[in-house]
2 protein chains.
Amino acid sequence: MKHIAKSVKPIQRTTLATAAFEQLIANVVNGTWKAGDRLPAERDLCQQFGIARTSLREAMKAMELVGMLNSRVGDGTFVCPRSEFLSRPMMWAFTEMDKTELNDVMQARLIIEEGLAGLAAEHGTNAQIDAINKTVQAMGDCIARNESVLDADMAFHMAVSDAAGNPLLSNSLQMLRNLMRHGIQFKLLLPGVSPTILKDHLAIYQAIKKRNPAAAKKAMRHHLLETMKLVSFAIKQHQR
Amino acid sequence: MKHIAKSVKPIQRTTLATAAFEQLIANVVNGTWKAGDRLPAERDLCQQFGIARTSLREAMKAMELVGMLNSRVGDGTFVCPRSEFLSRPMMWAFTEMDKTELNDVMQARLIIEEGLAGLAAEHGTNAQIDAINKTVQAMGDCIARNESVLDADMAFHMAVSDAAGNPLLSNSLQMLRNLMRHGIQFKLLLPGVSPTILKDHLAIYQAIKKRNPAAAKKAMRHHLLETMKLVSFAIKQHQR
DNA sequence: ACGTATTTGTTCGTATGTATC
DNA sequence: GGATACATACGAACAAATACG
């Protein structure tokens, strides 16, 4: 006796913990609760949600596992900085990830970031585009001083992301980058790649500066295709 | 009375739940439990671990919420395929925000779906591409019979999504579609739009069939830009 | 087609350890 | 030291969904 009506939305039964988890994620991702903020006490929060403490705790533990929350006994539960999201259990996920799965992640990142570059060229304010330039300069300085370019690399992509002005896409990129962080680190350890990255970044910046979305997308695509090659190479190196 | 000695590592006080899901993760990654396998029942497992059921449940639930396990009442708990786990972070980024601009959602959808169309043209199997064609035919039938094209429309986009073969992007798109579900319904209520949609779908299918990613992306882009216009128009109509 | 056993979902009460003031 | 606020942990009980004979 299925299919009584075709278009009834399939009410998927979801557990209380799942519902609570979704609420928690929403509050953290959309910035209602910012990094370092302290959440209401478990006893208060479960009252607000209208569920028992046990159920809420299951959701909180999951948030802790993915690195979004941090609980300390006798103290409280706090929101972690975004850079820590997904950073904990991912070591295993990455080293064990097989080639097709890694490819899926990078493909997704390529598509999102290509889109962001286009949007940045279209809608970015001059100030936001200057900010991109600053990160390019900063990376140049890092290379000159022979320092790690990890932070500068991240800063560049975040600056482009900001200029695009779409928080949904920015958030998703941040998640994907966190997911791949270890691979990116390996990539940056490869000798002689930093100048190449810098050149790519510069090209992307210039296309955005010229307000040329197609060129910006193309430059970003080129940069990330290079990255994909480097990351998979770096991981192979690292595994042996 | 802190800092008695600088170099002693503060002993990480780890909770039972944390310890439990370290065990769980270990069993999953080293292949003791493979994707699709069923775990021992909660009551057995907590005895094996020597902890209370509530503590074990916090770990199990956390694993479930991040997409590593899947529990069904009356049945058991099963190991998920890893793509499930890898999809989650990107989906979390697309959770409801208090001030989610419909425009941002549609922009994100445009970018993802454009990418999916390109991937489908590149990597889709012939069978998958045939499946796209079937949905186009089905929509034609619906229009001929003057029925709602809502399901056929959804089926088309799902089929393209399948052909692209990237679960991360597919799942994320699903999330975005849920966010703007209301808008889509409005669109389809507008008189006379169905034939236009059908034409768009056909063009997209043909480009994919010809294995032309650039054309497929362009056609999808055109289709979704039309949709964006229609949706915002429909919403304006609906509001007055 | 119908029970019954199995399994997860959910709640409550209670006790304990820890941090802060 | 004492008071307070908080997370951690346990066990018991019942509800609800599913599988299986």
# chains A, B, ... in the order shown; residues from 1 in each chain; ligands from 1

$ calpha_fit_rmsd --fixed "chain B" --moving "chain A"
7.1 Å

$ closest_atom_pairs --of "chain A" --to "chain D" --cutoff "6 Å" --atoms "only C-alpha atoms (C1' of nucleotides)" --output "JSON lines"
{"residue": "A:Val73", "atom": "CA", "partner": "D:DA7", "partner_atom": "C1'", "distance": 4.2}
{"residue": "A:Gly74", "atom": "CA", "partner": "D:DC6", "partner_atom": "C1'", "distance": 4.0}
{"residue": "A:Asp75", "atom": "CA", "partner": "D:DC6", "partner_atom": "C1'", "distance": 5.6}

$ write_last_selection --atoms "C-alpha atoms" --output "short mmCIF file (atom, residue, chain, number, x, y, z; two decimals), in the first residue's frame"
data_model
loop_
_atom_site.label_atom_id
_atom_site.label_comp_id
_atom_site.auth_asym_id
_atom_site.auth_seq_id
_atom_site.Cartn_x
_atom_site.Cartn_y
_atom_site.Cartn_z
CA VAL A 73 34.46 19.57 33.10
CA GLY A 74 33.56 22.10 35.73
CA ASP A 75 33.91 24.85 33.21
#

$ closest_residue --among "B:His223, B:Lys209, B:Arg145, B:Arg72" --to "chain A" --atoms "only C-alpha atoms"
B:Arg72

$ interface_residues --of "chain B" --to "chain C" --cutoff "12 Å" --atoms "only C-alpha atoms (C1' of nucleotides)" --output "ChimeraX atom specification"
/B:13,39-44,53-54,57,60-61,70-77

$ residues_around --residues "A:Asp200" --least-positions-apart "2" --cutoff "8 Å" --atoms "only C-alpha atoms (C1' of nucleotides)" --output "list in words"
Thr196, Ile197, Leu198, Leu202, Ala203, Ile204, Ala219, Met220, His222 and His223 of chain A

$ decode --residues "chain C" --atoms "C-alpha atoms (C1' of nucleotides)" --output "compact mmCIF listing (two decimals), in the first residue's frame"
# COMPACT_ATOMS: atom_id res chain seq x y z
C1' DA C 1 -1.05 -12.61 8.94
C1' DC C 2 0.38 -12.50 13.78
C1' DG C 3 3.13 -12.50 17.76
C1' DT C 4 7.41 -12.29 19.97
C1' DA C 5 12.11 -11.36 20.51
C1' DT C 6 15.61 -8.14 19.39
C1' DT C 7 17.39 -3.65 18.89
C1' DT C 8 17.76 1.17 19.06
C1' DG C 9 15.44 5.58 21.00
C1' DT C 10 14.47 8.30 25.08
C1' DT C 11 14.02 9.72 29.69
C1' DC C 12 14.97 10.13 34.61
C1' DG C 13 17.38 9.98 39.00
C1' DT C 14 21.57 9.88 41.20
C1' DA C 15 26.39 10.06 42.23
C1' DT C 16 31.08 11.78 41.36
C1' DG C 17 35.00 14.62 39.97
C1' DT C 18 36.68 19.03 38.63
C1' DA C 19 37.20 23.99 37.99
C1' DT C 20 36.33 28.78 39.63
C1' DC C 21 35.68 32.23 43.04
